[in-house]
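To be precise, the following lines are entry_16.txt, and they hold compact mmCIF, C-alpha atoms and all ligand atoms.
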# COMPACT_ATOMS: atom_id res chain seq x y z
CA MET A 1 6.89 9.35 14.95
CA LEU A 2 4.74 6.47 13.80
CA ARG A 3 6.83 3.32 13.33
CA VAL A 4 6.05 1.88 9.91
CA ALA A 5 7.00 -1.41 8.27
CA VAL A 6 6.70 -1.74 4.50
CA LEU A 7 6.04 -5.12 2.87
CA ILE A 8 7.13 -5.62 -0.74
CA SER A 9 7.39 -8.31 -3.38
CA GLY A 10 8.96 -6.47 -6.30
CA ARG A 11 10.52 -3.32 -7.64
CA GLY A 12 9.41 -1.11 -4.76
CA SER A 13 8.65 2.20 -6.46
CA ASN A 14 5.91 2.86 -3.90
CA LEU A 15 8.37 1.96 -1.17
CA GLN A 16 10.69 4.60 -2.65
CA ALA A 17 7.91 7.20 -2.52
CA LEU A 18 7.36 6.36 1.16
CA ILE A 19 11.11 6.49 1.88
CA ASP A 20 11.36 9.91 0.22
CA ALA A 21 8.37 11.22 2.15
CA CYS A 22 9.66 9.94 5.49
CA ARG A 23 12.94 11.79 4.87
CA GLN A 24 11.17 15.13 4.81
CA PRO A 25 11.54 17.19 7.94
CA ASP A 26 8.56 16.91 10.28
CA PHE A 27 7.07 13.93 8.41
CA PRO A 28 5.14 12.16 11.18
CA ALA A 29 6.17 8.58 10.26
CA GLY A 30 9.39 6.65 9.83
CA ILE A 31 10.15 3.31 8.21
CA VAL A 32 11.67 0.92 10.75
CA ARG A 33 11.75 -2.18 8.56
CA VAL A 34 11.24 -3.36 5.00
CA ILE A 35 10.17 -6.97 4.60
CA ALA A 36 10.14 -8.87 1.31
CA ASN A 37 8.72 -12.30 0.58
CA ARG A 38 11.13 -12.69 -2.33
CA PRO A 39 14.92 -12.41 -2.03
CA THR A 40 15.06 -10.91 -5.53
CA ALA A 41 12.68 -8.02 -4.78
CA GLY A 42 14.24 -4.89 -6.29
CA GLY A 43 12.91 -2.80 -3.43
CA LEU A 44 15.39 -4.43 -1.03
CA ALA A 45 18.20 -2.42 -2.64
CA ARG A 46 16.17 0.78 -2.30
CA ALA A 47 15.80 0.12 1.43
CA ALA A 48 19.48 -0.69 1.81
CA ASP A 49 20.41 2.52 -0.05
CA ALA A 50 18.28 4.45 2.41
CA GLY A 51 19.90 2.72 5.38
CA ILE A 52 16.73 0.87 6.33
CA ALA A 53 17.10 -2.64 7.71
CA THR A 54 15.44 -5.41 5.73
CA THR A 55 14.17 -8.91 6.33
CA VAL A 56 13.54 -11.51 3.66
CA ILE A 57 10.85 -13.97 4.67
CA ASP A 58 10.73 -16.25 1.67
CA HIS A 59 7.27 -17.76 1.41
CA ARG A 60 8.80 -20.85 -0.22
CA ASP A 61 10.60 -21.61 3.05
CA HIS A 62 7.32 -21.86 4.94
CA ALA A 63 4.95 -24.78 5.04
CA GLY A 64 1.84 -22.71 4.38
CA ARG A 65 0.19 -19.35 4.75
CA ASP A 66 -0.20 -19.66 8.53
CA ALA A 67 3.49 -20.37 9.03
CA PHE A 68 4.51 -17.54 6.70
CA ASP A 69 2.18 -15.04 8.36
CA ALA A 70 3.39 -16.11 11.82
CA ALA A 71 6.97 -15.38 10.76
CA LEU A 72 5.86 -12.04 9.36
CA ASN A 73 4.01 -11.15 12.53
CA LYS A 74 7.02 -12.07 14.67
CA ASP A 75 9.33 -9.85 12.65
CA LEU A 76 6.90 -6.93 12.74
CA ARG A 77 6.52 -7.22 16.53
CA ALA A 78 10.28 -7.61 17.00
CA HIS A 79 10.84 -4.27 15.32
CA GLY A 80 8.02 -2.45 17.03
CA ALA A 81 5.98 -1.75 13.91
CA GLU A 82 2.83 0.24 14.62
CA LEU A 83 1.54 0.40 11.05
CA VAL A 84 2.12 -1.97 8.14
CA CYS A 85 2.09 -0.66 4.56
CA LEU A 86 1.69 -3.16 1.74
CA ALA A 87 3.49 -1.76 -1.30
CA GLY A 88 3.26 -4.18 -4.20
CA PHE A 89 3.10 -7.07 -1.74
CA MET A 90 1.66 -9.87 -3.84
CA ARG A 91 0.57 -12.38 -1.24
CA ILE A 92 -2.79 -12.95 0.29
CA LEU A 93 -2.62 -12.60 4.06
CA THR A 94 -4.53 -14.95 6.34
CA PRO A 95 -7.68 -13.71 8.11
CA GLY A 96 -5.84 -14.20 11.42
CA PHE A 97 -3.00 -11.90 10.41
CA VAL A 98 -5.39 -9.31 9.01
CA ALA A 99 -7.43 -9.39 12.24
CA ALA A 100 -4.29 -9.00 14.37
CA TRP A 101 -3.39 -5.83 12.44
CA ARG A 102 -6.91 -4.53 11.95
CA ASP A 103 -6.87 -0.81 11.10
CA ARG A 104 -3.07 -0.84 11.29
CA LEU A 105 -2.56 -2.50 7.91
CA ILE A 106 -2.95 -0.53 4.67
CA ASN A 107 -2.56 -1.29 0.97
CA ILE A 108 -2.28 0.58 -2.31
CA HIS A 109 -4.09 -0.79 -5.33
CA PRO A 110 -3.98 0.51 -8.92
CA SER A 111 -7.71 0.99 -9.43
CA LEU A 112 -10.57 3.01 -8.08
CA LEU A 113 -11.82 0.34 -5.68
CA PRO A 114 -14.20 -1.40 -5.38
CA SER A 115 -13.76 -1.70 -9.17
CA PHE A 116 -11.06 -3.94 -10.62
CA LYS A 117 -9.80 -5.89 -7.63
CA GLY A 118 -7.03 -8.41 -8.01
CA LEU A 119 -4.26 -8.74 -10.56
CA ASP A 120 -4.26 -6.82 -13.84
CA ALA A 121 -6.42 -3.98 -12.55
CA GLN A 122 -5.27 -1.68 -15.34
CA ARG A 123 -6.14 -4.32 -17.98
CA GLY A 124 -9.56 -4.62 -16.38
CA ALA A 125 -10.11 -0.87 -16.60
CA LEU A 126 -9.13 -0.83 -20.29
CA ASP A 127 -11.31 -3.83 -21.11
CA ALA A 128 -14.29 -2.26 -19.36
CA GLY A 129 -13.81 0.95 -21.34
CA VAL A 130 -13.90 3.19 -18.27
CA LYS A 131 -12.89 6.79 -18.93
CA ILE A 132 -11.48 7.45 -15.46
CA ALA A 133 -9.06 5.15 -13.66
CA GLY A 134 -6.89 5.66 -10.61
CA CYS A 135 -5.55 4.25 -7.39
CA THR A 136 -6.78 3.61 -3.86
CA VAL A 137 -5.20 3.42 -0.42
CA HIS A 138 -7.34 1.37 1.96
CA PHE A 139 -7.31 -0.47 5.25
CA VAL A 140 -6.93 -4.19 4.61
CA ARG A 141 -9.70 -6.67 5.32
CA ALA A 142 -9.56 -10.42 4.80
CA GLU A 143 -11.17 -10.30 1.37
CA MET A 144 -8.65 -9.30 -1.31
CA ASP A 145 -8.42 -5.58 -2.17
CA SER A 146 -11.27 -4.67 0.14
CA GLY A 147 -11.56 -2.51 3.24
CA PRO A 148 -12.29 1.08 4.27
CA ILE A 149 -11.03 3.53 1.64
CA ILE A 150 -8.66 6.19 2.97
CA ALA A 151 -7.75 8.07 -0.21
CA GLN A 152 -8.10 7.84 -3.97
CA ALA A 153 -6.64 9.64 -6.97
CA ALA A 154 -8.12 9.65 -10.45
CA VAL A 155 -6.50 9.82 -13.88
CA PRO A 156 -8.06 9.92 -17.35
CA VAL A 157 -8.01 6.86 -19.58
CA LEU A 158 -6.94 8.06 -23.03
CA ALA A 159 -8.14 6.58 -26.29
CA ASP A 160 -4.71 5.30 -27.29
CA ASP A 161 -3.77 3.91 -23.87
CA ASP A 162 -2.36 0.45 -23.51
CA GLU A 163 -1.73 -1.32 -20.22
CA GLN A 164 1.74 0.18 -19.86
CA SER A 165 0.78 3.78 -20.51
CA LEU A 166 -2.23 3.59 -18.19
CA ALA A 167 -0.24 1.81 -15.47
CA ALA A 168 2.46 4.50 -15.67
CA ARG A 169 -0.11 7.31 -15.36
CA ILE A 170 -1.70 5.61 -12.35
CA LEU A 171 1.68 4.82 -10.77
CA GLU A 172 2.66 8.48 -10.83
CA GLN A 173 -0.42 9.18 -8.73
CA GLU A 174 0.27 6.22 -6.44
CA HIS A 175 3.58 7.83 -5.53
CA VAL A 176 1.76 10.99 -4.45
CA LEU A 177 -1.23 9.32 -2.81
CA TYR A 178 0.50 6.75 -0.62
CA PRO A 179 2.66 9.26 1.29
CA GLN A 180 -0.38 11.55 1.66
CA ALA A 181 -2.44 8.73 3.14
CA LEU A 182 0.39 7.73 5.46
CA LYS A 183 0.73 11.29 6.68
CA LEU A 184 -3.01 11.50 7.40
CA ILE A 185 -2.90 8.31 9.46
CA ALA A 186 0.27 9.29 11.30
CA ARG A 187 -1.30 12.64 12.21
CA GLY A 188 -4.30 10.79 13.66
CA ARG A 189 -6.69 12.21 11.08
CA VAL A 190 -8.21 8.90 9.96
CA ARG A 191 -10.70 6.79 11.87
CA VAL A 192 -12.76 3.79 10.88
CA GLU A 193 -16.52 3.76 11.33
CA GLY A 194 -18.12 0.56 10.15
CA ASP A 195 -16.99 -0.09 6.60
CA ARG A 196 -15.82 3.47 6.01
CA ALA A 197 -12.71 5.44 6.80
CA ILE A 198 -13.47 8.97 7.90
CA VAL A 199 -10.76 11.51 7.17
CA ASP A 200 -10.76 14.79 9.10
CA GLY A 201 -11.00 17.70 6.72
CA ASP A 202 -12.31 15.65 3.81
CA ALA A 203 -15.61 17.53 3.98
CA ALA A 204 -13.96 20.13 1.73
CA GLY A 205 -13.61 17.45 -0.96
CA PRO A 206 -10.78 14.95 -1.20
CA ALA A 207 -10.07 15.86 -4.84
CA MET A 208 -8.93 19.27 -3.66
CA ARG A 209 -6.30 17.71 -1.45
CA ARG A 210 -4.09 16.58 -4.33
CA ARG A 211 -0.41 17.62 -4.09
C1 LIG A 301 1.74 -0.96 -7.80
O1 LIG A 301 1.10 -0.49 -8.98
C2 LIG A 301 0.71 -1.35 -6.77
O2 LIG A 301 -0.41 -0.52 -6.76
C3 LIG A 301 0.35 -2.73 -7.22
O3 LIG A 301 1.57 -3.31 -7.59
C4 LIG A 301 2.46 -2.29 -8.06
C5 LIG A 301 3.73 -2.39 -7.27
O4 LIG A 301 4.70 -1.52 -7.80
N1 LIG A 301 -0.30 -3.47 -6.17
C6 LIG A 301 -1.29 -4.32 -6.37
O5 LIG A 301 -1.72 -4.61 -7.47
C7 LIG A 301 -1.89 -4.95 -5.11
N2 LIG A 301 -3.12 -5.58 -5.36
P1 LIG A 301 5.96 -1.11 -6.93
O6 LIG A 301 6.63 -2.41 -6.44
O7 LIG A 301 6.85 -0.38 -7.88
O8 LIG A 301 5.49 -0.26 -5.78

Give the structure from the file, written as structure tokens.
Ligand code: GAR
Amino acid sequence: MLRVAVLISGRGSNLQALIDACRQPDFPAGIVRVIANRPTAGGLARAADAGIATTVIDHRDHAGRDAFDAALNKDLRAHGAELVCLAGFMRILTPGFVAAWRDRLINIHPSLLPSFKGLDAQRGALDAGVKIAGCTVHFVRAEMDSGPIIAQAAVPVLADDDEQSLAARILEQEHVLYPQALKLIARGRVRVEGDRAIVDGDAAGPAMRRR
């Protein structure tokens, strides 16, 4: 079983999707720790309900990004994390931290990267008038919302969508995609070659892998 830590800042609906997946028999990963940078993160209660130990590392208690990331790294090592999943974790990690966890640190983002990086990705998609939106799971690199793409899911953008309706449609897919990507990694089916993640079996077409 791959030992996974999940980092959150907020409500933790993606964390919940990962918790639910890890509960399934034969799922090849387990969550050993949930870490939040905000004591008020709603996801902390989800972890507690699932019997998963949590750590709050409040960024306001640390002098700067290096000190915060050092505390994060220490906690991850202390609990034997082998893979780190960012799930609505709204802090930029230092290049040193990202390098230390290279190819063992993944993120979910509510756009079809490399389009619409950063905050308000759904707003960006609406403003650009794209007809297809979606979400991406990727390995994390130092530059925000960049890195080898592991999996993506697409949804239509409808004429009467607002930010909420589009975000909800994307989020539903996030909850499917993130556990799928985690399972692929835990089964050893993902490798990084240069700037790309190669997924065994994707030759048949990743769109066919949904659900
Ligand atoms: C999700 O939509 C996630 O993709 C996004 O924040 C939300 C967190 O929701 N992450 C980012 O925008 C990262 N750049 P959740 O706390 O309910 O999982």

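Proximity of A:Thr136, A:Asn73, A:Gln180, A:Thr94 to ligand LIG 301 (chain A), computed with all atoms listed in the file, is greatest for A:Thr136.
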
Expected selection as a PyMOL selection string for ligand LIG 301 (chain A) within 6 Å, only C-alpha atoms and all ligand atoms:
chain A and resi 10-15+87-88+108-110+118-119+171

Find the residues near His59 of chain A: any atom within 10 Å, counting all atoms listed in the file, skip ones fewer than 4 places away on the same chain, and give them as an mmCIF file with C-alpha atoms, in the coordinates of the input.
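Below is the file that was written, selection_38.cif:
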data_model
loop_
_atom_site.group_PDB
_atom_site.id
_atom_site.type_symbol
_atom_site.label_atom_id
_atom_site.label_comp_id
_atom_site.auth_asym_id
_atom_site.auth_seq_id
_atom_site.Cartn_x
_atom_site.Cartn_y
_atom_site.Cartn_z
ATOM 1 C CA ALA A 36 10.140 -8.870 1.310
ATOM 2 C CA ASN A 37 8.720 -12.300 0.580
ATOM 3 C CA ARG A 38 11.130 -12.690 -2.330
ATOM 4 C CA PRO A 39 14.920 -12.410 -2.030
ATOM 5 C CA ALA A 63 4.950 -24.780 5.040
ATOM 6 C CA GLY A 64 1.840 -22.710 4.380
ATOM 7 C CA ARG A 65 0.190 -19.350 4.750
ATOM 8 C CA ALA A 67 3.490 -20.370 9.030
ATOM 9 C CA PHE A 68 4.510 -17.540 6.700
ATOM 10 C CA ASP A 69 2.180 -15.040 8.360
ATOM 11 C CA ALA A 71 6.970 -15.380 10.760
ATOM 12 C CA LEU A 72 5.860 -12.040 9.360
ATOM 13 C CA ARG A 91 0.570 -12.380 -1.240
#

One number please: atom CA of Met90 of chain A to atom CA of Leu7 of chain A, in Å, one decimal.
9.3 Å

Spatial neighbours of Arg3 of chain A, max dist 12 Å, all atoms listed in the file, sep filter under 2 positions, as a compact mmCIF listing (two decimals) with C-alpha atoms, keeping the file's coordinate frame:
# COMPACT_ATOMS: atom_id res chain seq x y z
CA MET A 1 6.89 9.35 14.95
CA ALA A 5 7.00 -1.41 8.27
CA VAL A 6 6.70 -1.74 4.50
CA CYS A 22 9.66 9.94 5.49
CA PHE A 27 7.07 13.93 8.41
CA PRO A 28 5.14 12.16 11.18
CA ALA A 29 6.17 8.58 10.26
CA GLY A 30 9.39 6.65 9.83
CA ILE A 31 10.15 3.31 8.21
CA VAL A 32 11.67 0.92 10.75
CA ARG A 33 11.75 -2.18 8.56
CA VAL A 34 11.24 -3.36 5.00
CA LEU A 76 6.90 -6.93 12.74
CA ARG A 77 6.52 -7.22 16.53
CA HIS A 79 10.84 -4.27 15.32
CA GLY A 80 8.02 -2.45 17.03
CA ALA A 81 5.98 -1.75 13.91
CA GLU A 82 2.83 0.24 14.62
CA LEU A 83 1.54 0.40 11.05
CA VAL A 84 2.12 -1.97 8.14
CA CYS A 85 2.09 -0.66 4.56
CA ARG A 104 -3.07 -0.84 11.29
CA LEU A 182 0.39 7.73 5.46
CA ILE A 185 -2.90 8.31 9.46
CA ALA A 186 0.27 9.29 11.30

So which residues fall inside 9 Å of (-7.1, 8.5, -18.6) if we count only C-alpha atoms? Mind giving them as JSON, numbers by chain?
{"A": [130, 131, 132, 133, 134, 154, 155, 156, 157, 158, 159, 161, 166, 169, 170]}

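In this model, the gap between atom CA of Leu112 of chain A and atom CA of Phe139 of chain A comes to 14.2 Å.
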
Work out how far apart atom CA of Glu163 of chain A and atom CA of Ile150 of chain A are and give it in Å to one decimal.
25.3 Å

So which residues fall inside 10 Å of (-8.2, -4.2, -5.7) if we count all atoms listed in the file? Mind giving them as a PDB file with C-alpha atoms, in the coordinates of the input?
ATOM      1  CA  ASN A 107      -2.560  -1.290   0.970  1.00  0.00           C
ATOM      2  CA  ILE A 108      -2.280   0.580  -2.310  1.00  0.00           C
ATOM      3  CA  HIS A 109      -4.090  -0.790  -5.330  1.00  0.00           C
ATOM      4  CA  PRO A 110      -3.980   0.510  -8.920  1.00  0.00           C
ATOM      5  CA  SER A 111      -7.710   0.990  -9.430  1.00  0.00           C
ATOM      6  CA  LEU A 112     -10.570   3.010  -8.080  1.00  0.00           C
ATOM      7  CA  LEU A 113     -11.820   0.340  -5.680  1.00  0.00           C
ATOM      8  CA  PRO A 114     -14.200  -1.400  -5.380  1.00  0.00           C
ATOM      9  CA  SER A 115     -13.760  -1.700  -9.170  1.00  0.00           C
ATOM     10  CA  PHE A 116     -11.060  -3.940 -10.620  1.00  0.00           C
ATOM     11  CA  LYS A 117      -9.800  -5.890  -7.630  1.00  0.00           C
ATOM     12  CA  GLY A 118      -7.030  -8.410  -8.010  1.00  0.00           C
ATOM     13  CA  LEU A 119      -4.260  -8.740 -10.560  1.00  0.00           C
ATOM     14  CA  ASP A 120      -4.260  -6.820 -13.840  1.00  0.00           C
ATOM     15  CA  ALA A 121      -6.420  -3.980 -12.550  1.00  0.00           C
ATOM     16  CA  CYS A 135      -5.550   4.250  -7.390  1.00  0.00           C
ATOM     17  CA  THR A 136      -6.780   3.610  -3.860  1.00  0.00           C
ATOM     18  CA  VAL A 137      -5.200   3.420  -0.420  1.00  0.00           C
ATOM     19  CA  HIS A 138      -7.340   1.370   1.960  1.00  0.00           C
ATOM     20  CA  GLU A 143     -11.170 -10.300   1.370  1.00  0.00           C
ATOM     21  CA  MET A 144      -8.650  -9.300  -1.310  1.00  0.00           C
ATOM     22  CA  ASP A 145      -8.420  -5.580  -2.170  1.00  0.00           C
ATOM     23  CA  SER A 146     -11.270  -4.670   0.140  1.00  0.00           C
ATOM     24  CA  GLY A 147     -11.560  -2.510   3.240  1.00  0.00           C
TER      25      GLY A 147
END

Which residue out of A:Leu86, A:Ile149, A:Ala168, A:Ala70 has the minimum interatomic distance to Arg196 of chain A when all atoms listed in the file are used?
A:Ile149

Tell me which of A:Ile106, A:Ala100, A:Ala125, A:Leu44 sits closest to Ala181 of chain A, counting all atoms listed in the file.
A:Ile106
